[in-house]
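Coordinates from work05.csv are shown below (CSV, C-alpha atoms).
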```csv
chain,number,residue,atom,x,y,z
U,234,MET,CA,19.1,93.0,7.8
U,235,ARG,CA,19.7,89.6,6.3
U,236,VAL,CA,17.0,86.9,6.4
U,237,ARG,CA,18.3,83.4,7.1
U,238,GLN,CA,17.3,81.0,4.4
U,239,GLN,CA,15.6,77.9,5.9
U,240,LEU,CA,16.6,74.5,4.5
U,241,GLY,CA,14.2,71.6,4.1
U,242,PHE,CA,11.7,69.7,1.8
U,243,THR,CA,8.7,71.2,0.3
U,244,LEU,CA,5.3,69.6,0.7
U,245,LEU,CA,5.4,68.4,-2.9
U,246,GLU,CA,8.8,66.7,-2.4
U,247,VAL,CA,7.5,64.9,0.7
U,248,MET,CA,4.4,63.7,-1.1
U,249,ILE,CA,6.5,62.3,-3.9
U,250,ALA,CA,8.9,60.5,-1.6
U,251,ILE,CA,6.0,59.0,0.3
U,252,SER,CA,4.4,57.8,-2.9
U,253,ILE,CA,7.6,56.2,-4.1
U,254,PHE,CA,8.1,54.5,-0.8
U,255,ALA,CA,4.5,53.2,-0.8
U,256,LEU,CA,5.0,51.8,-4.3
U,257,VAL,CA,8.2,50.0,-3.4
U,258,GLY,CA,6.6,48.6,-0.3
U,259,LEU,CA,3.6,47.4,-2.2
U,260,ALA,CA,5.7,45.7,-4.9
U,261,THR,CA,7.9,44.1,-2.2
U,262,TYR,CA,4.8,42.8,-0.3
U,263,ARG,CA,3.2,41.4,-3.5
U,264,MET,CA,6.5,39.7,-4.4
U,265,LEU,CA,6.8,38.2,-0.9
U,266,ASP,CA,3.2,37.0,-0.9
U,267,THR,CA,3.8,35.3,-4.3
U,268,VAL,CA,6.9,33.6,-3.0
U,269,LEU,CA,5.0,32.4,0.1
U,270,GLN,CA,2.0,31.1,-1.9
U,271,SER,CA,4.4,29.3,-4.3
U,272,ASP,CA,6.2,27.7,-1.4
U,273,GLN,CA,2.9,26.6,0.2
U,274,ARG,CA,1.7,25.0,-3.1
U,275,ILE,CA,5.1,23.2,-3.5
U,276,LYS,CA,4.7,21.8,0.1
U,277,VAL,CA,1.2,20.6,-0.6
U,278,GLN,CA,2.3,19.0,-3.9
U,279,GLU,CA,5.3,17.4,-2.1
U,280,LEU,CA,3.1,15.9,0.6
U,281,ARG,CA,0.6,14.7,-2.0
U,282,LEU,CA,3.2,13.1,-4.1
U,283,ARG,CA,4.9,11.6,-1.0
U,284,GLU,CA,1.7,10.0,0.1
U,285,LEU,CA,1.1,8.5,-3.3
U,286,VAL,CA,4.6,7.1,-3.6
U,287,ARG,CA,4.4,5.7,-0.1
U,288,ALA,CA,1.1,4.0,-0.8
U,289,LEU,CA,2.3,2.4,-4.0
U,290,GLU,CA,5.5,1.2,-2.2
U,291,VAL,CA,3.5,-0.4,0.6
U,292,PHE,CA,1.2,-2.1,-1.9
U,293,GLU,CA,4.1,-3.3,-4.0
U,294,ARG,CA,6.0,-4.6,-1.0
U,295,ASP,CA,2.9,-6.6,0.0
U,296,ILE,CA,2.0,-8.0,-3.4
U,297,LEU,CA,5.6,-9.0,-4.3
U,298,GLN,CA,5.8,-11.1,-1.1
U,299,LEU,CA,2.6,-13.1,-1.9
U,300,ARG,CA,2.7,-16.7,-0.6
U,301,PRO,CA,0.4,-19.6,-1.5
U,302,ARG,CA,-0.9,-20.1,2.1
U,303,PRO,CA,-4.7,-20.4,2.5
U,304,ILE,CA,-6.2,-19.6,5.9
U,305,ARG,CA,-9.2,-20.4,8.1
U,306,SER,CA,-11.7,-17.6,8.7
U,307,ALA,CA,-13.2,-16.9,12.1
U,308,TYR,CA,-16.0,-19.4,11.4
U,309,GLY,CA,-13.7,-22.2,10.2
U,310,ASP,CA,-14.2,-21.6,6.5
U,311,GLU,CA,-11.1,-22.0,4.2
U,312,LEU,CA,-10.1,-18.9,2.4
U,313,PRO,CA,-7.8,-19.0,-0.6
U,314,ALA,CA,-4.3,-17.6,-0.5
U,315,LEU,CA,-5.4,-14.7,-2.7
U,316,SER,CA,-9.0,-13.5,-3.1
U,317,LEU,CA,-10.2,-10.6,-5.3
U,318,GLN,CA,-13.9,-9.9,-4.8
U,319,GLY,CA,-16.3,-7.1,-5.5
U,320,ASP,CA,-17.5,-4.9,-8.4
U,321,SER,CA,-16.1,-1.8,-9.9
U,322,ASN,CA,-14.6,0.5,-7.1
U,323,GLN,CA,-15.8,-1.8,-4.3
U,324,GLN,CA,-13.1,-4.5,-4.9
U,325,ILE,CA,-11.5,-6.1,-2.0
U,326,LEU,CA,-8.1,-7.7,-2.3
U,327,GLU,CA,-7.0,-10.1,0.4
U,328,PHE,CA,-4.0,-12.4,0.4
U,329,THR,CA,-1.2,-13.9,2.5
U,330,ARG,CA,2.2,-12.3,2.4
U,331,ALA,CA,5.6,-13.1,3.8
U,332,GLY,CA,8.3,-10.8,5.3
U,333,TRP,CA,6.4,-9.7,8.4
U,334,SER,CA,9.2,-8.3,10.5
U,335,ASN,CA,9.6,-9.5,14.1
U,336,PRO,CA,12.2,-7.4,15.8
U,337,LEU,CA,11.0,-8.4,19.3
U,338,ALA,CA,11.1,-12.1,18.5
U,339,HIS,CA,7.5,-12.8,19.4
U,340,ALA,CA,6.3,-16.4,19.0
U,341,ARG,CA,4.4,-15.9,15.8
U,342,SER,CA,4.7,-16.6,12.1
U,343,GLN,CA,6.4,-14.3,9.6
U,344,LEU,CA,3.4,-14.7,7.3
U,345,GLN,CA,0.7,-12.1,7.5
U,346,ARG,CA,-2.8,-11.8,6.2
U,347,VAL,CA,-3.6,-8.4,4.6
U,348,ARG,CA,-6.6,-6.8,3.0
U,349,TRP,CA,-6.6,-3.8,0.6
U,350,GLN,CA,-9.9,-2.0,0.1
U,351,TYR,CA,-11.2,1.2,-1.4
U,352,GLN,CA,-14.0,2.7,0.6
U,353,ASN,CA,-15.3,6.3,1.2
U,354,ASP,CA,-12.7,7.8,-1.2
U,355,GLN,CA,-10.0,6.2,0.8
U,356,LEU,CA,-7.6,3.4,0.2
U,357,THR,CA,-7.1,1.4,3.4
U,358,ARG,CA,-4.9,-1.6,4.4
U,359,GLN,CA,-5.9,-4.0,7.1
U,360,TYR,CA,-3.9,-6.8,8.6
U,361,TRP,CA,-4.4,-9.5,11.2
U,362,GLN,CA,-2.1,-10.6,14.0
U,363,VAL,CA,-2.7,-14.3,13.2
U,364,LEU,CA,-3.2,-16.2,10.0
U,365,ASP,CA,-5.9,-18.7,11.0
U,366,GLN,CA,-8.4,-16.4,12.7
U,367,ALA,CA,-10.6,-16.9,15.7
U,368,GLN,CA,-13.8,-15.1,16.4
U,369,ASP,CA,-12.0,-12.5,18.5
U,370,SER,CA,-9.4,-11.8,15.8
U,371,LEU,CA,-9.8,-8.2,14.8
U,372,ALA,CA,-8.3,-6.5,11.7
U,373,GLN,CA,-6.0,-3.6,12.3
U,374,PRO,CA,-6.9,-0.8,9.9
U,375,GLN,CA,-4.4,1.6,8.3
U,376,SER,CA,-5.4,4.6,6.1
U,377,VAL,CA,-3.0,4.6,3.2
U,378,LEU,CA,-4.3,7.0,0.6
U,379,SER,CA,-7.1,9.6,1.0
U,380,GLN,CA,-9.3,11.6,-1.4
U,381,GLN,CA,-9.2,9.2,-4.3
U,382,GLN,CA,-11.7,8.9,-7.1
U,383,GLY,CA,-11.6,5.1,-7.5
U,384,TRP,CA,-9.4,2.0,-8.2
U,385,GLN,CA,-9.6,-1.2,-10.2
U,386,LEU,CA,-7.7,-4.4,-9.8
U,387,GLN,CA,-7.3,-7.2,-12.4
U,388,VAL,CA,-5.3,-10.4,-12.2
U,389,MET,CA,-3.9,-12.5,-15.1
U,390,ASP,CA,-4.4,-16.2,-15.4
U,391,GLU,CA,-2.0,-18.7,-17.0
U,392,GLN,CA,-3.6,-18.0,-20.4
U,393,GLY,CA,-2.8,-14.3,-20.2
U,394,GLN,CA,-6.4,-13.3,-19.7
U,395,TRP,CA,-7.3,-10.5,-17.2
U,396,HIS,CA,-10.0,-11.0,-14.6
U,397,SER,CA,-11.7,-8.8,-12.0
U,398,GLN,CA,-12.5,-11.8,-9.7
U,399,TRP,CA,-10.3,-14.4,-8.2
U,400,PRO,CA,-10.2,-17.4,-7.7
U,401,LEU,CA,-11.9,-18.6,-10.9
U,402,ALA,CA,-13.9,-21.9,-11.1
U,403,ASP,CA,-11.2,-23.5,-13.2
U,404,THR,CA,-8.0,-22.3,-11.4
U,405,ARG,CA,-7.7,-25.2,-9.0
U,406,SER,CA,-4.6,-27.4,-9.1
U,407,SER,CA,-4.8,-31.0,-10.1
U,408,GLY,CA,-5.8,-33.2,-7.2
U,409,GLY,CA,-9.6,-32.7,-6.9
U,410,ALA,CA,-12.1,-30.1,-6.0
U,411,GLU,CA,-10.5,-29.5,-2.6
U,412,ALA,CA,-7.1,-28.6,-4.0
U,413,GLU,CA,-5.9,-25.0,-3.5
U,414,PRO,CA,-6.6,-22.6,-6.4
U,415,LYS,CA,-3.6,-21.6,-8.3
U,416,LEU,CA,-2.2,-18.1,-7.9
U,417,PRO,CA,-2.5,-15.5,-10.7
U,418,LYS,CA,0.6,-14.7,-12.8
U,419,ALA,CA,0.3,-10.9,-12.7
U,420,LEU,CA,-1.7,-8.1,-11.1
U,421,ARG,CA,-2.8,-4.7,-12.6
U,422,LEU,CA,-3.7,-1.7,-10.6
U,423,THR,CA,-5.6,1.3,-12.1
U,424,LEU,CA,-5.9,4.2,-9.7
U,425,GLN,CA,-7.9,7.3,-10.4
U,426,HIS,CA,-6.1,10.2,-8.7
U,427,PRO,CA,-7.8,13.6,-8.4
U,428,HIS,CA,-4.6,15.5,-9.3
U,429,TYR,CA,-2.5,13.0,-11.4
U,430,GLY,CA,-5.3,11.4,-13.3
U,431,GLU,CA,-5.3,7.7,-14.2
U,432,LEU,CA,-2.3,5.8,-12.9
U,433,LEU,CA,-1.6,2.3,-14.2
U,434,ARG,CA,0.8,-0.2,-12.5
U,435,GLN,CA,1.5,-3.9,-13.3
U,436,TRP,CA,3.4,-6.4,-11.3
U,437,ARG,CA,4.5,-10.0,-12.0
U,438,LEU,CA,3.5,-12.0,-9.0
U,439,PRO,CA,5.9,-14.5,-7.4
U,440,ASP,CA,5.4,-18.2,-7.9
U,441,GLY,CA,6.1,-18.8,-4.2
U,442,PRO,CA,7.5,-21.9,-2.5
U,443,PRO,CA,5.7,-25.3,-2.9
U,444,GLN,CA,2.5,-25.5,-0.9
U,445,THR,CA,2.8,-27.5,2.4
U,446,GLU,CA,-0.3,-28.8,4.0
U,447,PRO,CA,-0.8,-28.2,7.8
U,448,GLY,CA,1.1,-30.8,9.8
U,449,GLN,CA,2.9,-32.1,6.7
U,450,ALA,CA,6.2,-30.4,7.7
U,451,ALA,CA,6.0,-31.9,11.2
U,452,ASN,CA,5.4,-35.4,9.8
U,453,GLN,CA,8.3,-35.0,7.4
U,454,ASP,CA,10.6,-34.0,10.2
U,455,SER,CA,9.5,-36.9,12.4
U,456,SER,CA,10.0,-39.4,9.6
U,457,GLN,CA,13.5,-38.0,8.9
U,458,ASN,CA,14.4,-38.3,12.6
U,459,ALA,CA,13.1,-41.9,12.6
U,460,ASP,CA,15.2,-42.7,9.6
U,461,GLN,CA,18.3,-41.2,11.1
U,462,THR,CA,17.9,-42.9,14.6
U,463,PRO,CA,18.6,-46.5,13.5
U,464,SER,CA,21.7,-45.5,11.6
U,465,SER,CA,23.1,-43.6,14.5
U,466,GLU,CA,22.5,-46.6,16.8
U,467,ALA,CA,24.0,-49.0,14.3
U,468,THR,CA,27.1,-46.7,14.2
U,469,GLN,CA,27.5,-46.8,17.9
```
In structure tokens, how does this file's structure come out?
Amino acid sequence: MRVRQQLGFTLLEVMIAISIFALVGLATYRMLDTVLQSDQRIKVQELRLRELVRALEVFERDILQLRPRPIRSAYGDELPALSLQGDSNQQILEFTRAGWSNPLAHARSQLQRVRWQYQNDQLTRQYWQVLDQAQDSLAQPQSVLSQQQGWQLQVMDEQGQWHSQWPLADTRSSGGAEAEPKLPKALRLTLQHPHYGELLRQWRLPDGPPQTEPGQAANQDSSQNADQTPSSEATQ
């Protein structure tokens, strides 16, 4: 009587196959986990770099549109066109800029008063809806850059000297003590970033159009119209 031979795997072969499959699965999982972690780190780095680039672009856009337009505070005090106050990391930069877009054609100026300030490890930007402020004029805050370690601003005068405060006592234009202080020639920003270290940027500030006192433009227009009226009547 013949005994039929049974076909199959031995227990040892099954254990070896399971061990090989487990090793391959473990290697694949670790490889996939490494790829996912690298992708996550790249995304965080991209967001961090994008936030930094956007902050510097907004700051550069503001400072390169500087205009020599002083304003009135909420209590009637005259504020210079550019003011840099504070010590060390508590510096506050406030100035008047042009180029405020008006897509809805509201009845307002294209000039805008902005303030840049470092506070609580954050770089913030504030702006006002009006230039000459009233007591109910509130600043609109914008968080620009977070988790910073500090910043420092310096401005250059006409002699090429850097200062951490502006305006200086001797930066007023000729015309008396009430004349508007001159604008600095350049600005230097030193930013302490927790991941990129110390970042240094410098900008040459625009000279801006000639300063026009309030009401002067209207007087000039009325005088021009008065000069043109007799000539037109004489022509008729």
## Note on the structure
Nearest to Leu317 in chain U, restricted to only C-alpha atoms and choosing among U:Leu282, U:Val347, U:Leu386, U:Leu244, comes out as U:Leu386
### Message
Restricting the calculation to only C-alpha atoms: of U:Gln345, U:Ser397, U:Gln323, U:Thr357, which residue gets closest to Gly383 in chain U?
### Response
U:Gln323
### Task
Could you check which of U:Arg287, U:Arg341, U:His396, U:Arg294 is closest to Asp320 in chain U, using only C-alpha atoms?
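Looking at the shortest contact to Asp320 in chain U, the residue is U:His396.
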## Note on the structure
The distance between CA of Gln318 in chain U and CA of Gln352 in chain U is 13.7 Å
### Query
By how many Å are CA of Tyr262 in chain U and CA of Ile275 in chain U apart?
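Pair CA of Tyr262 in chain U / CA of Ile275 in chain U returns 19.9 Å.
Considering all atoms listed in the file, the residue among U:Asp390, U:Ala255, U:Tyr351, U:Leu433 positioned nearest to Arg421 in chain U is U:Leu433.
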Give as a short mmCIF file (atom, residue, chain, number, x, y, z; two decimals) with C-alpha atoms, keeping the file's coordinate frame the set of residues within 6 Å of the point (4.5, -11.7, -12.7), where distances use the file's coordinates and only C-alpha atoms.
```cif
data_model
loop_
_atom_site.label_atom_id
_atom_site.label_comp_id
_atom_site.auth_asym_id
_atom_site.auth_seq_id
_atom_site.Cartn_x
_atom_site.Cartn_y
_atom_site.Cartn_z
CA LYS U 418 0.60 -14.70 -12.80
CA ALA U 419 0.30 -10.90 -12.70
CA TRP U 436 3.40 -6.40 -11.30
CA ARG U 437 4.50 -10.00 -12.00
CA LEU U 438 3.50 -12.00 -9.00
#
```
### Task
Grab the CA of Leu337 in chain U to CA of Pro303 in chain U distance for me, in Å with one decimal place.
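Distance between the two atoms: 25.9 Å.
Counting all atoms listed in the file, the residue from U:Gln298, U:Ser252, U:Ser379, U:Gln324 that sits nearest to Arg281 in chain U is U:Ser379.
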#### Entry: Best match for closeness to Gln385 in chain U among U:Leu424, U:Ala338, U:Ala367, U:Ala372, counting all atoms listed in the file
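Answer, going by the shortest atom-to-atom distance: U:Leu424.
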